[in-house]
$ cat model09.cif   # mmCIF, C-alpha atoms
data_coords
#
loop_
_atom_site.label_atom_id
_atom_site.label_comp_id
_atom_site.auth_asym_id
_atom_site.auth_seq_id
_atom_site.Cartn_x
_atom_site.Cartn_y
_atom_site.Cartn_z
CA MET A 1 73.47 -63.34 125.86
CA SER A 2 69.82 -63.39 124.77
CA PRO A 3 67.46 -65.65 126.73
CA PRO A 4 66.12 -68.74 124.94
CA LEU A 5 62.90 -68.16 123.01
CA PRO A 6 59.80 -69.49 124.79
CA ILE A 7 58.63 -71.77 121.98
CA SER A 8 57.70 -75.42 121.73
CA SER A 9 59.40 -77.96 119.50
CA PHE A 10 56.20 -77.88 117.39
CA VAL A 11 56.57 -74.14 116.73
CA LYS A 12 60.33 -74.55 116.21
CA SER A 13 59.70 -77.08 113.45
CA HIS A 14 57.48 -74.59 111.61
CA LEU A 15 59.94 -71.74 112.09
CA SER A 16 62.57 -73.97 110.52
CA ARG A 17 60.27 -74.76 107.61
CA LEU A 18 59.47 -71.07 107.07
CA ASN A 19 63.12 -70.10 107.59
CA LEU A 20 62.30 -67.77 110.51
CA VAL A 21 63.78 -67.03 113.92
CA TYR A 22 60.60 -65.48 115.33
CA PRO A 23 56.95 -66.57 114.86
CA ILE A 24 55.93 -63.05 113.86
CA ILE A 25 54.57 -62.06 110.44
CA GLN A 26 54.21 -58.49 109.25
CA ALA A 27 50.89 -58.45 107.38
CA PRO A 28 51.01 -57.78 103.61
CA MET A 29 48.84 -54.60 103.68
CA ALA A 30 48.57 -53.72 99.97
CA GLY A 31 49.24 -50.01 99.56
CA VAL A 32 51.07 -49.76 102.90
CA SER A 33 53.75 -52.45 102.86
CA THR A 34 56.95 -51.61 101.01
CA PRO A 35 60.13 -53.47 100.04
CA GLN A 36 61.88 -51.53 102.83
CA LEU A 37 59.34 -52.60 105.46
CA ALA A 38 59.22 -56.24 104.39
CA SER A 39 62.99 -56.62 104.05
CA THR A 40 63.64 -54.96 107.42
CA ILE A 41 61.33 -57.45 109.13
CA SER A 42 62.63 -60.48 107.23
CA ASN A 43 66.29 -59.58 107.69
CA ALA A 44 65.65 -59.33 111.44
CA GLY A 45 64.34 -62.90 111.59
CA ALA A 46 60.56 -62.50 111.32
CA LEU A 47 58.49 -62.73 108.10
CA GLY A 48 58.12 -59.59 106.03
CA SER A 49 55.31 -59.40 103.50
CA ILE A 50 54.31 -57.37 100.47
CA GLY A 51 50.77 -57.08 99.13
CA LEU A 52 50.23 -57.24 95.37
CA GLY A 53 46.43 -57.01 95.39
CA ALA A 54 46.50 -53.45 94.03
CA SER A 55 49.49 -53.90 91.71
CA THR A 56 49.73 -54.09 87.94
CA LEU A 57 51.96 -56.78 86.47
CA SER A 58 54.90 -54.40 86.10
CA GLN A 59 54.40 -53.02 89.61
CA ALA A 60 54.24 -56.54 91.05
CA ARG A 61 57.42 -57.59 89.28
CA GLN A 62 59.19 -54.44 90.47
CA MET A 63 58.03 -54.80 94.07
CA ILE A 64 59.09 -58.44 94.35
CA SER A 65 62.44 -57.73 92.68
CA ASP A 66 63.12 -54.65 94.82
CA THR A 67 62.35 -56.60 97.99
CA GLN A 68 64.50 -59.56 96.98
CA LYS A 69 67.44 -57.21 96.35
CA LEU A 70 67.15 -55.91 99.93
CA LEU A 71 66.86 -59.37 101.48
CA ARG A 72 69.80 -61.26 102.85
CA LYS A 73 70.27 -64.53 101.00
CA ASP A 74 68.98 -66.78 103.76
CA LYS A 75 65.84 -64.75 104.57
CA SER A 76 62.22 -65.42 103.67
CA LEU A 77 59.46 -63.33 102.07
CA ASN A 78 55.67 -63.56 101.85
CA VAL A 79 53.91 -62.28 98.72
CA ASN A 80 50.14 -61.79 99.02
CA LEU A 81 47.48 -61.93 96.28
CA PHE A 82 43.78 -60.97 96.25
CA VAL A 83 41.56 -63.77 94.93
CA HIS A 84 38.21 -61.98 94.84
CA GLN A 85 35.19 -63.07 92.83
CA HIS A 86 34.57 -61.38 89.49
CA PRO A 87 32.73 -58.09 90.13
CA ASN A 88 29.31 -57.48 88.66
CA SER A 89 29.41 -54.03 87.09
CA ASP A 90 25.85 -52.67 87.13
CA SER A 91 25.71 -49.28 85.38
CA GLN A 92 22.63 -48.16 87.34
CA ILE A 93 24.21 -49.00 90.71
CA ASN A 94 27.46 -47.34 89.62
CA THR A 95 25.65 -44.17 88.52
CA ARG A 96 23.71 -43.93 91.78
CA TRP A 97 26.95 -44.34 93.72
CA ILE A 98 28.62 -41.58 91.71
CA ASP A 99 25.61 -39.35 92.48
CA THR A 100 25.90 -40.22 96.18
CA LEU A 101 29.51 -39.02 96.24
CA LYS A 102 29.00 -35.99 93.98
CA SER A 103 28.56 -33.41 96.75
CA HIS A 104 31.74 -34.64 98.44
CA PHE A 105 33.73 -34.14 95.24
CA GLU A 106 32.19 -30.69 94.73
CA LYS A 107 33.11 -29.71 98.29
CA TYR A 108 36.77 -29.95 97.26
CA GLY A 109 36.33 -28.29 93.88
CA GLY A 110 36.14 -31.36 91.69
CA ASN A 111 33.77 -33.71 89.92
CA PRO A 112 33.29 -37.45 90.38
CA PRO A 113 34.40 -39.78 87.58
CA ASP A 114 31.92 -40.21 84.73
CA GLN A 115 32.06 -43.97 85.14
CA LEU A 116 33.55 -46.52 87.51
CA ASN A 117 36.01 -49.17 86.41
CA VAL A 118 37.37 -52.49 87.64
CA ILE A 119 40.74 -51.16 88.76
CA TYR A 120 42.26 -54.42 90.06
CA LYS A 121 42.38 -57.79 88.37
CA SER A 122 41.73 -60.79 90.60
CA PHE A 123 44.50 -63.37 90.88
CA MET A 124 41.75 -65.88 90.10
CA ASP A 125 42.14 -65.28 86.37
CA ASN A 126 45.52 -63.58 86.16
CA VAL A 127 47.71 -66.03 84.26
CA GLU A 128 50.43 -63.42 83.78
CA MET A 129 50.72 -62.88 87.54
CA VAL A 130 51.09 -66.63 88.04
CA ASP A 131 53.94 -66.58 85.52
CA ILE A 132 55.69 -63.78 87.43
CA LEU A 133 55.47 -65.78 90.67
CA LEU A 134 56.80 -68.89 88.95
CA GLU A 135 59.70 -66.88 87.53
CA LEU A 136 60.67 -64.85 90.62
CA LYS A 137 59.96 -67.67 93.10
CA PRO A 138 59.03 -65.89 96.34
CA PRO A 139 59.32 -68.62 99.00
CA ILE A 140 55.92 -67.96 100.59
CA ILE A 141 52.70 -67.00 98.77
CA SER A 142 49.48 -66.12 100.56
CA PHE A 143 45.92 -65.53 99.40
CA HIS A 144 43.13 -63.24 100.61
CA PHE A 145 39.39 -63.31 99.70
CA GLY A 146 39.51 -66.92 98.55
CA LEU A 147 41.55 -69.53 96.71
CA PRO A 148 42.85 -69.80 93.15
CA SER A 149 42.24 -72.96 91.15
CA LEU A 150 43.74 -76.29 92.17
CA GLU A 151 45.80 -76.14 88.98
CA VAL A 152 47.40 -72.85 90.06
CA LEU A 153 47.97 -74.13 93.60
CA ASP A 154 49.70 -77.19 92.16
CA LYS A 155 51.94 -75.08 89.90
CA LEU A 156 53.02 -72.85 92.77
CA LYS A 157 53.69 -75.78 95.11
CA GLU A 158 55.63 -77.68 92.47
CA ASN A 159 57.70 -74.52 92.05
CA GLY A 160 58.67 -74.73 95.72
CA ALA A 161 56.31 -72.18 97.29
CA ILE A 162 54.80 -72.54 100.75
CA LEU A 163 51.12 -71.53 100.56
CA MET A 164 48.94 -69.69 103.07
CA THR A 165 45.29 -68.58 102.90
CA THR A 166 43.09 -66.40 105.09
CA ALA A 167 39.97 -67.85 106.73
CA THR A 168 37.37 -65.88 108.69
CA SER A 169 35.22 -68.85 109.69
CA LEU A 170 35.37 -72.57 110.36
CA GLU A 171 33.55 -73.20 107.08
CA GLU A 172 36.22 -71.32 105.11
CA GLY A 173 38.92 -73.16 107.05
CA ARG A 174 37.39 -76.48 106.05
CA MET A 175 37.21 -75.38 102.40
CA ILE A 176 40.89 -74.45 102.48
CA GLU A 177 41.97 -77.68 104.15
CA LYS A 178 39.87 -79.76 101.75
CA THR A 179 42.10 -78.69 98.83
CA GLY A 180 45.03 -80.49 100.43
CA LYS A 181 47.30 -77.84 98.90
CA VAL A 182 47.52 -75.07 101.53
CA ASP A 183 50.27 -75.30 104.15
CA TYR A 184 49.00 -72.70 106.64
CA ILE A 185 45.66 -71.07 107.43
CA ILE A 186 45.63 -67.46 108.64
CA ALA A 187 42.79 -67.05 111.16
CA GLN A 188 41.62 -63.47 110.65
CA GLY A 189 39.45 -62.31 113.52
CA TRP A 190 36.71 -59.70 113.35
CA GLU A 191 38.93 -57.17 115.15
CA ALA A 192 41.55 -57.18 112.38
CA GLY A 193 42.21 -54.04 110.38
CA GLY A 194 42.00 -53.76 106.62
CA HIS A 195 40.04 -55.92 104.22
CA ARG A 196 38.10 -58.80 105.67
CA GLY A 197 39.31 -61.98 104.00
CA ILE A 198 35.79 -63.42 103.83
CA PHE A 199 35.21 -65.46 100.66
CA ASN A 200 31.68 -64.12 100.03
CA PRO A 201 31.45 -60.46 101.14
CA LEU A 202 27.66 -60.46 100.81
CA GLY A 203 27.17 -63.71 102.72
CA GLU A 204 26.70 -64.22 106.44
CA ASP A 205 29.67 -63.14 108.53
CA GLN A 206 29.83 -64.76 111.96
CA GLN A 207 32.19 -61.98 113.12
CA LEU A 208 34.31 -64.39 115.15
CA SER A 209 37.06 -62.89 117.28
CA THR A 210 40.66 -63.90 116.63
CA PHE A 211 40.72 -65.93 119.85
CA VAL A 212 37.52 -67.85 119.12
CA LEU A 213 38.32 -68.42 115.43
CA THR A 214 41.85 -69.60 116.18
CA SER A 215 40.52 -71.94 118.87
CA LEU A 216 37.90 -73.42 116.52
CA LEU A 217 40.33 -73.95 113.66
CA LEU A 218 42.88 -75.55 115.98
CA GLU A 219 40.28 -77.93 117.35
CA GLN A 220 38.61 -78.88 114.07
CA LEU A 221 41.42 -78.84 111.50
CA ASN A 222 44.84 -80.40 111.01
CA THR A 223 46.40 -77.50 109.07
CA PRO A 224 48.72 -75.28 111.16
CA ILE A 225 47.10 -71.98 112.17
CA ILE A 226 48.47 -68.43 112.17
CA ALA A 227 46.48 -65.98 114.32
CA ALA A 228 45.71 -62.48 112.98
CA GLY A 229 43.67 -59.58 114.32
CA GLY A 230 44.14 -57.27 117.30
CA ILE A 231 47.68 -58.50 118.00
CA MET A 232 49.81 -55.52 119.02
CA THR A 233 52.26 -56.59 121.75
CA GLY A 234 54.68 -59.36 122.59
CA HIS A 235 52.30 -60.49 125.32
CA HIS A 236 49.65 -61.01 122.64
CA VAL A 237 52.17 -63.07 120.67
CA GLN A 238 52.72 -65.40 123.62
CA SER A 239 48.99 -65.82 124.28
CA TYR A 240 48.34 -67.14 120.78
CA LEU A 241 51.38 -69.41 120.83
CA ASP A 242 50.07 -70.79 124.14
CA LEU A 243 46.73 -71.38 122.43
CA GLY A 244 48.41 -73.50 119.75
CA ALA A 245 49.04 -71.14 116.83
CA VAL A 246 52.39 -71.61 115.08
CA ALA A 247 52.78 -67.86 114.45
CA VAL A 248 50.95 -64.54 114.60
CA GLN A 249 50.38 -61.87 111.97
CA LEU A 250 50.40 -58.14 112.81
CA GLY A 251 49.32 -55.35 110.48
CA THR A 252 48.16 -52.24 112.32
CA ALA A 253 51.23 -52.39 114.57
CA PHE A 254 53.45 -51.75 111.53
CA VAL A 255 51.34 -49.09 109.73
CA GLY A 256 52.95 -46.23 111.64
CA CYS A 257 56.53 -47.35 111.01
CA ASP A 258 58.84 -45.10 109.01
CA GLU A 259 59.21 -47.83 106.37
CA SER A 260 55.47 -48.05 105.60
CA SER A 261 53.96 -46.01 102.76
CA ALA A 262 50.95 -44.85 104.79
CA ASP A 263 50.63 -41.09 104.23
CA GLN A 264 51.19 -38.59 107.02
CA GLY A 265 47.48 -38.00 107.56
CA TYR A 266 46.96 -41.74 108.07
CA LYS A 267 49.85 -41.99 110.53
CA ASP A 268 48.78 -38.85 112.40
CA ALA A 269 45.28 -40.28 112.81
CA LEU A 270 46.68 -43.61 114.03
CA PHE A 271 48.70 -41.89 116.74
CA SER A 272 45.83 -39.69 117.91
CA SER A 273 42.56 -40.19 119.76
CA LYS A 274 41.04 -41.10 116.37
CA SER A 275 42.58 -44.55 116.82
CA GLU A 276 40.03 -45.28 119.55
CA LYS A 277 37.22 -45.75 117.02
CA THR A 278 37.26 -48.14 114.08
CA LYS A 279 34.47 -49.30 111.79
CA MET A 280 33.93 -52.22 109.44
CA THR A 281 32.69 -50.61 106.23
CA ARG A 282 32.07 -51.30 102.54
CA VAL A 283 31.82 -47.67 101.39
CA ILE A 284 35.53 -47.19 100.72
CA SER A 285 36.29 -50.20 98.52
CA GLY A 286 33.11 -52.25 98.08
CA ARG A 287 34.29 -55.00 100.42
CA PRO A 288 34.08 -55.10 104.21
CA ALA A 289 37.22 -53.56 105.68
CA ARG A 290 38.03 -52.12 109.10
CA SER A 291 39.14 -48.49 109.05
CA LEU A 292 39.68 -45.69 111.51
CA VAL A 293 36.43 -43.73 111.71
CA ASN A 294 36.85 -40.80 109.32
CA LYS A 295 34.84 -38.70 106.86
CA PHE A 296 34.48 -41.67 104.51
CA THR A 297 33.22 -44.15 107.09
CA GLN A 298 30.79 -41.53 108.40
CA LEU A 299 29.32 -41.40 104.90
CA GLU A 300 27.96 -44.90 105.48
CA ASP A 301 26.00 -43.67 108.49
CA GLN A 302 24.54 -40.86 106.38
CA ILE A 303 23.57 -43.29 103.61
CA GLU A 304 21.78 -45.53 106.09
CA GLN A 305 19.85 -42.57 107.48
CA ASP A 306 18.84 -41.32 104.04
CA GLY A 307 17.79 -44.74 102.76
CA ARG A 308 20.14 -47.47 101.65
CA VAL A 309 21.98 -47.00 98.38
CA ASP A 310 23.48 -50.10 96.80
CA ILE A 311 27.28 -50.10 96.92
CA PRO A 312 29.04 -51.35 93.76
CA ASP A 313 31.13 -54.51 93.95
CA TYR A 314 34.81 -54.51 94.91
CA PRO A 315 36.97 -53.09 93.40
CA ILE A 316 34.59 -50.87 91.41
CA THR A 317 33.66 -48.84 94.49
CA TYR A 318 37.36 -48.33 95.17
CA ASP A 319 37.71 -46.46 91.87
CA ALA A 320 35.48 -43.69 93.23
CA GLY A 321 36.99 -43.91 96.70
CA LYS A 322 40.55 -43.43 95.49
CA ALA A 323 39.53 -40.50 93.28
CA LEU A 324 37.76 -38.77 96.17
CA HIS A 325 40.70 -39.35 98.51
CA ALA A 326 43.18 -37.97 95.96
CA LEU A 327 41.07 -34.84 95.43
CA ALA A 328 40.45 -34.16 99.12
CA LYS A 329 44.10 -34.87 99.99
CA SER A 330 45.21 -32.30 97.40
CA LYS A 331 43.21 -29.76 99.43
CA GLY A 332 44.75 -30.88 102.73
CA GLU A 333 41.93 -33.20 103.85
CA TYR A 334 43.10 -36.77 104.64
CA GLY A 335 39.79 -38.00 106.04
CA TYR A 336 38.65 -39.77 102.87
CA GLY A 337 41.60 -42.16 102.85
CA ALA A 338 41.52 -45.92 103.34
CA GLN A 339 42.90 -45.62 106.87
CA TRP A 340 42.77 -49.34 107.58
CA ALA A 341 43.30 -50.21 111.24
CA GLY A 342 42.25 -52.92 113.68
CA GLN A 343 40.60 -52.57 117.05
CA GLY A 344 44.04 -52.65 118.69
CA ALA A 345 44.97 -49.35 116.99
CA PRO A 346 45.28 -47.35 120.25
CA LEU A 347 48.17 -49.68 121.17
CA ALA A 348 50.20 -48.68 118.09
CA ARG A 349 53.71 -47.42 118.80
CA LYS A 350 55.65 -44.79 116.88
CA MET A 351 59.00 -46.35 115.97
CA ASP A 352 60.79 -47.81 112.98
CA ALA A 353 60.13 -51.41 111.97
CA GLY A 354 63.35 -52.90 113.31
CA GLU A 355 62.90 -51.23 116.67
CA LEU A 356 59.27 -52.33 116.90
CA LEU A 357 60.15 -55.95 116.14
CA ASP A 358 62.87 -55.81 118.80
CA VAL A 359 60.36 -54.48 121.35
CA LEU A 360 57.81 -57.17 120.41
CA VAL A 361 60.39 -59.92 120.88
CA LYS A 362 61.56 -58.51 124.23
CA GLU A 363 57.97 -58.31 125.48
CA TRP A 364 57.35 -61.84 124.27
CA VAL A 365 60.39 -63.36 126.01
CA GLY A 366 59.65 -61.42 129.18
CA GLU A 367 62.22 -58.63 129.05
CA GLY A 368 59.66 -55.91 128.28
CA ARG A 369 56.89 -54.74 130.55
#
$ encode --input "model09.cif" --output "structure tokens"
Amino acid sequence: MSPPLPISSFVKSHLSRLNLVYPIIQAPMAGVSTPQLASTISNAGALGSIGLGASTLSQARQMISDTQKLLRKDKSLNVNLFVHQHPNSDSQINTRWIDTLKSHFEKYGGNPPDQLNVIYKSFMDNVEMVDILLELKPPIISFHFGLPSLEVLDKLKENGAILMTTATSLEEGRMIEKTGKVDYIIAQGWEAGGHRGIFNPLGEDQQLSTFVLTSLLLEQLNTPIIAAGGIMTGHHVQSYLDLGAVAVQLGTAFVGCDESSADQGYKDALFSSKSEKTKMTRVISGRPARSLVNKFTQLEDQIEQDGRVDIPDYPITYDAGKALHALAKSKGEYGYGAQWAGQGAPLARKMDAGELLDVLVKEWVGEGR
């Protein structure tokens, strides 16, 4: 017989609301999460997530539908959207950026794109994506980079969705709570892997750790808090529940799982000494994001030495980044990939998602070392 879970009645009430057994969320990770990964986690009693930030309308519909087909009837699902500001496409900045990357393309026998495009549409003005969510009714919807309009929030809530939004500062937390529409705030610390959820990527970033940010939001706000960033073990889970969080969100821990779509070069790097160094960078996508140090992140160091070149807005920069990665990968070089990972990357474990969740729970309840 399994031991009772070490959770308070407060956390239990939120688990009941979210339809979960465990206060563990697998982060959405657009481009890495899959229906198989999300459904495995959800079916085991935690919260699986899929990221639609890089998806077209048809891809989004397919991903939600495929995940729902794999879910047991009583299990939950989190669908994540990117709500970034409209990019400013400056042809001169774009051209200079293409020129900056030209030698890297030529090294692998190719040419950079002639122009850079806005490859992802923000949820901020994506009426069709709203309609898909209203039709398919994922039970939990989360937002990254900001908030959609109050009108959209109202529509989603009236349709039965539980809403979550990422905050990287107390100011953003207050902005989220002020809407009166968001059910949970995800406190994303500086150590987290992947895209920083900061509302204004060019504004001041206080670079608060997960522990400090979670503590501040718990003290200053009334909205329940989910901690995210650097959380890799069951012991970490317990520490944030002790602090007052209602759940924790883990991303990097699940990147190396068989069910993730991270390519082999990405996984190999994660499970090597390369995991010991990560860097927050804008050169890959145009927005701050924490990656394993690789050939692409090192490019930023070179740019700073040679004299700063303006980086195009997100997701325009990503257009060039994805093209360079695809070219280099075709020649056997994986070092230009978006190898997103948090500072806890050296603690990643090579196992499938169900096994990893089982280990996390055992560590959390005190059965694991």
$ closest_residue --input "model09.cif" --among "A:Pro224, A:Tyr22, A:Leu136, A:Gln206" --to "A:Tyr184" --atoms "only C-alpha atoms"
A:Pro224
$ resolve_selection --input "model09.cif" --expression "the PyMOL selection byres ((chain A and resi 133) around 12)" --output "mmCIF file with C-alpha atoms, in the coordinates of the input"
data_model
loop_
_atom_site.group_PDB
_atom_site.id
_atom_site.type_symbol
_atom_site.label_atom_id
_atom_site.label_comp_id
_atom_site.auth_asym_id
_atom_site.auth_seq_id
_atom_site.Cartn_x
_atom_site.Cartn_y
_atom_site.Cartn_z
ATOM 1 C CA LEU A 52 50.230 -57.240 95.370
ATOM 2 C CA LEU A 57 51.960 -56.780 86.470
ATOM 3 C CA ALA A 60 54.240 -56.540 91.050
ATOM 4 C CA ARG A 61 57.420 -57.590 89.280
ATOM 5 C CA GLN A 62 59.190 -54.440 90.470
ATOM 6 C CA MET A 63 58.030 -54.800 94.070
ATOM 7 C CA ILE A 64 59.090 -58.440 94.350
ATOM 8 C CA SER A 65 62.440 -57.730 92.680
ATOM 9 C CA ASN A 78 55.670 -63.560 101.850
ATOM 10 C CA VAL A 79 53.910 -62.280 98.720
ATOM 11 C CA ASN A 80 50.140 -61.790 99.020
ATOM 12 C CA LEU A 81 47.480 -61.930 96.280
ATOM 13 C CA PHE A 123 44.500 -63.370 90.880
ATOM 14 C CA ASN A 126 45.520 -63.580 86.160
ATOM 15 C CA VAL A 127 47.710 -66.030 84.260
ATOM 16 C CA GLU A 128 50.430 -63.420 83.780
ATOM 17 C CA MET A 129 50.720 -62.880 87.540
ATOM 18 C CA VAL A 130 51.090 -66.630 88.040
ATOM 19 C CA ASP A 131 53.940 -66.580 85.520
ATOM 20 C CA ILE A 132 55.690 -63.780 87.430
ATOM 21 C CA LEU A 134 56.800 -68.890 88.950
ATOM 22 C CA GLU A 135 59.700 -66.880 87.530
ATOM 23 C CA LEU A 136 60.670 -64.850 90.620
ATOM 24 C CA LYS A 137 59.960 -67.670 93.100
ATOM 25 C CA PRO A 138 59.030 -65.890 96.340
ATOM 26 C CA PRO A 139 59.320 -68.620 99.000
ATOM 27 C CA ILE A 140 55.920 -67.960 100.590
ATOM 28 C CA ILE A 141 52.700 -67.000 98.770
ATOM 29 C CA SER A 142 49.480 -66.120 100.560
ATOM 30 C CA VAL A 152 47.400 -72.850 90.060
ATOM 31 C CA LEU A 153 47.970 -74.130 93.600
ATOM 32 C CA LYS A 155 51.940 -75.080 89.900
ATOM 33 C CA LEU A 156 53.020 -72.850 92.770
ATOM 34 C CA LYS A 157 53.690 -75.780 95.110
ATOM 35 C CA ASN A 159 57.700 -74.520 92.050
ATOM 36 C CA GLY A 160 58.670 -74.730 95.720
ATOM 37 C CA ALA A 161 56.310 -72.180 97.290
#
$ residues_around --input "model09.cif" --residues "stretch 42-51 of chain A" --least-positions-apart "5" --cutoff "9 Å" --atoms "only C-alpha atoms" --output "number ranges by chain"
A: 18-35, 37, 60, 63-64, 67, 70-72, 74-82, 354, 357-358
$ closest_residue --input "model09.cif" --among "A:Ser260, A:Ser122, A:Gln343, A:Ser8" --to "A:Ile41" --atoms "all atoms listed in the file"
A:Ser260
$ residues_around --input "model09.cif" --residues "A:Val83" --least-positions-apart "2" --cutoff "9 Å" --atoms "only C-alpha atoms" --output "PyMOL selection string"
chain A and resi 53+81+85+121-125+143-148+199
$ write_last_selection --input "model09.cif" --atoms "C-alpha atoms" --output "PDB file, in the frame of the given file"
ATOM      1  CA  GLY A  53      46.430 -57.010  95.390  1.00  0.00           C
ATOM      2  CA  LEU A  81      47.480 -61.930  96.280  1.00  0.00           C
ATOM      3  CA  GLN A  85      35.190 -63.070  92.830  1.00  0.00           C
ATOM      4  CA  LYS A 121      42.380 -57.790  88.370  1.00  0.00           C
ATOM      5  CA  SER A 122      41.730 -60.790  90.600  1.00  0.00           C
ATOM      6  CA  PHE A 123      44.500 -63.370  90.880  1.00  0.00           C
ATOM      7  CA  MET A 124      41.750 -65.880  90.100  1.00  0.00           C
ATOM      8  CA  ASP A 125      42.140 -65.280  86.370  1.00  0.00           C
ATOM      9  CA  PHE A 143      45.920 -65.530  99.400  1.00  0.00           C
ATOM     10  CA  HIS A 144      43.130 -63.240 100.610  1.00  0.00           C
ATOM     11  CA  PHE A 145      39.390 -63.310  99.700  1.00  0.00           C
ATOM     12  CA  GLY A 146      39.510 -66.920  98.550  1.00  0.00           C
ATOM     13  CA  LEU A 147      41.550 -69.530  96.710  1.00  0.00           C
ATOM     14  CA  PRO A 148      42.850 -69.800  93.150  1.00  0.00           C
ATOM     15  CA  PHE A 199      35.210 -65.460 100.660  1.00  0.00           C
TER      16      PHE A 199
END
$ atom_distance --input "model09.cif" --atom1 "atom CA of A:Gly256" --atom2 "atom CA of A:Glu355"
12.2 Å
$ atom_distance --input "model09.cif" --atom1 "atom CA of A:Pro87" --atom2 "atom CA of A:Tyr334"
27.8 Å
$ closest_residue --input "model09.cif" --among "A:Thr100, A:Thr281, A:Asn88, A:Gln305" --to "A:Val118" --atoms "only C-alpha atoms"
A:Asn88
$ atom_distance --input "model09.cif" --atom1 "atom CA of A:Ala348" --atom2 "atom CA of A:Ile186"
21.5 Å
$ residues_near_point --input "model09.cif" --point "(43.4, -41.6, 97.4)" --cutoff "6 Å" --atoms "all atoms listed in the file" --output "mmCIF file with C-alpha atoms, in the coordinates of the input"
data_model
loop_
_atom_site.group_PDB
_atom_site.id
_atom_site.type_symbol
_atom_site.label_atom_id
_atom_site.label_comp_id
_atom_site.auth_asym_id
_atom_site.auth_seq_id
_atom_site.Cartn_x
_atom_site.Cartn_y
_atom_site.Cartn_z
ATOM 1 C CA LYS A 322 40.550 -43.430 95.490
ATOM 2 C CA ALA A 323 39.530 -40.500 93.280
ATOM 3 C CA HIS A 325 40.700 -39.350 98.510
ATOM 4 C CA ALA A 326 43.180 -37.970 95.960
ATOM 5 C CA GLY A 337 41.600 -42.160 102.850
#
$ residues_around --input "model09.cif" --residues "A:Ala341" --least-positions-apart "3" --cutoff "12 Å" --atoms "all atoms listed in the file" --output "count of residues only"
48
$ resolve_selection --input "model09.cif" --expression "the PyMOL selection byres ((chain A and resi 198) around 10)" --output "PDB file with C-alpha atoms, in the coordinates of the input"
ATOM      1  CA  HIS A  84      38.210 -61.980  94.840  1.00  0.00           C
ATOM      2  CA  HIS A 144      43.130 -63.240 100.610  1.00  0.00           C
ATOM      3  CA  PHE A 145      39.390 -63.310  99.700  1.00  0.00           C
ATOM      4  CA  GLY A 146      39.510 -66.920  98.550  1.00  0.00           C
ATOM      5  CA  THR A 166      43.090 -66.400 105.090  1.00  0.00           C
ATOM      6  CA  ALA A 167      39.970 -67.850 106.730  1.00  0.00           C
ATOM      7  CA  THR A 168      37.370 -65.880 108.690  1.00  0.00           C
ATOM      8  CA  SER A 169      35.220 -68.850 109.690  1.00  0.00           C
ATOM      9  CA  GLU A 172      36.220 -71.320 105.110  1.00  0.00           C
ATOM     10  CA  GLN A 188      41.620 -63.470 110.650  1.00  0.00           C
ATOM     11  CA  HIS A 195      40.040 -55.920 104.220  1.00  0.00           C
ATOM     12  CA  ARG A 196      38.100 -58.800 105.670  1.00  0.00           C
ATOM     13  CA  GLY A 197      39.310 -61.980 104.000  1.00  0.00           C
ATOM     14  CA  PHE A 199      35.210 -65.460 100.660  1.00  0.00           C
ATOM     15  CA  ASN A 200      31.680 -64.120 100.030  1.00  0.00           C
ATOM     16  CA  PRO A 201      31.450 -60.460 101.140  1.00  0.00           C
ATOM     17  CA  LEU A 202      27.660 -60.460 100.810  1.00  0.00           C
ATOM     18  CA  GLY A 203      27.170 -63.710 102.720  1.00  0.00           C
ATOM     19  CA  GLU A 204      26.700 -64.220 106.440  1.00  0.00           C
ATOM     20  CA  ASP A 205      29.670 -63.140 108.530  1.00  0.00           C
ATOM     21  CA  ARG A 287      34.290 -55.000 100.420  1.00  0.00           C
ATOM     22  CA  PRO A 288      34.080 -55.100 104.210  1.00  0.00           C
TER      23      PRO A 288
END
$ closest_residue --input "model09.cif" --among "A:Gly189, A:Gln220, A:Val237, A:Asn111" --to "A:Ala328" --atoms "only C-alpha atoms"
A:Asn111
$ closest_residue --input "model09.cif" --among "A:Glu158, A:Val11, A:Asn117, A:Thr214" --to "A:Ser89" --atoms "only C-alpha atoms"
A:Asn117
$ residues_around --input "model09.cif" --residues "A:Gly234" --least-positions-apart "4" --cutoff "10 Å" --atoms "only C-alpha atoms" --output "list in words"
Ile24, Gln238, Ser239, Leu357, Asp358, Val359, Leu360, Val361, Lys362, Glu363, Trp364, Val365, Gly366, Glu367, Gly368 and Arg369 of chain A
$ closest_residue --input "model09.cif" --among "A:Leu243, A:Ser58, A:Leu170, A:Lys181" --to "A:Leu213" --atoms "all atoms listed in the file"
A:Leu170
$ resolve_selection --input "model09.cif" --expression "the PyMOL selection byres ((chain A and resi 102) around 12)" --output "VMD selection string"
chain A and resid 95 to 101 103 to 114 320 to 321 323 to 324
$ write_last_selection --input "model09.cif" --atoms "C-alpha atoms" --output "compact mmCIF listing (two decimals), in the coordinates of the input"
# COMPACT_ATOMS: atom_id res chain seq x y z
CA THR A 95 25.65 -44.17 88.52
CA ARG A 96 23.71 -43.93 91.78
CA TRP A 97 26.95 -44.34 93.72
CA ILE A 98 28.62 -41.58 91.71
CA ASP A 99 25.61 -39.35 92.48
CA THR A 100 25.90 -40.22 96.18
CA LEU A 101 29.51 -39.02 96.24
CA SER A 103 28.56 -33.41 96.75
CA HIS A 104 31.74 -34.64 98.44
CA PHE A 105 33.73 -34.14 95.24
CA GLU A 106 32.19 -30.69 94.73
CA LYS A 107 33.11 -29.71 98.29
CA TYR A 108 36.77 -29.95 97.26
CA GLY A 109 36.33 -28.29 93.88
CA GLY A 110 36.14 -31.36 91.69
CA ASN A 111 33.77 -33.71 89.92
CA PRO A 112 33.29 -37.45 90.38
CA PRO A 113 34.40 -39.78 87.58
CA ASP A 114 31.92 -40.21 84.73
CA ALA A 320 35.48 -43.69 93.23
CA GLY A 321 36.99 -43.91 96.70
CA ALA A 323 39.53 -40.50 93.28
CA LEU A 324 37.76 -38.77 96.17
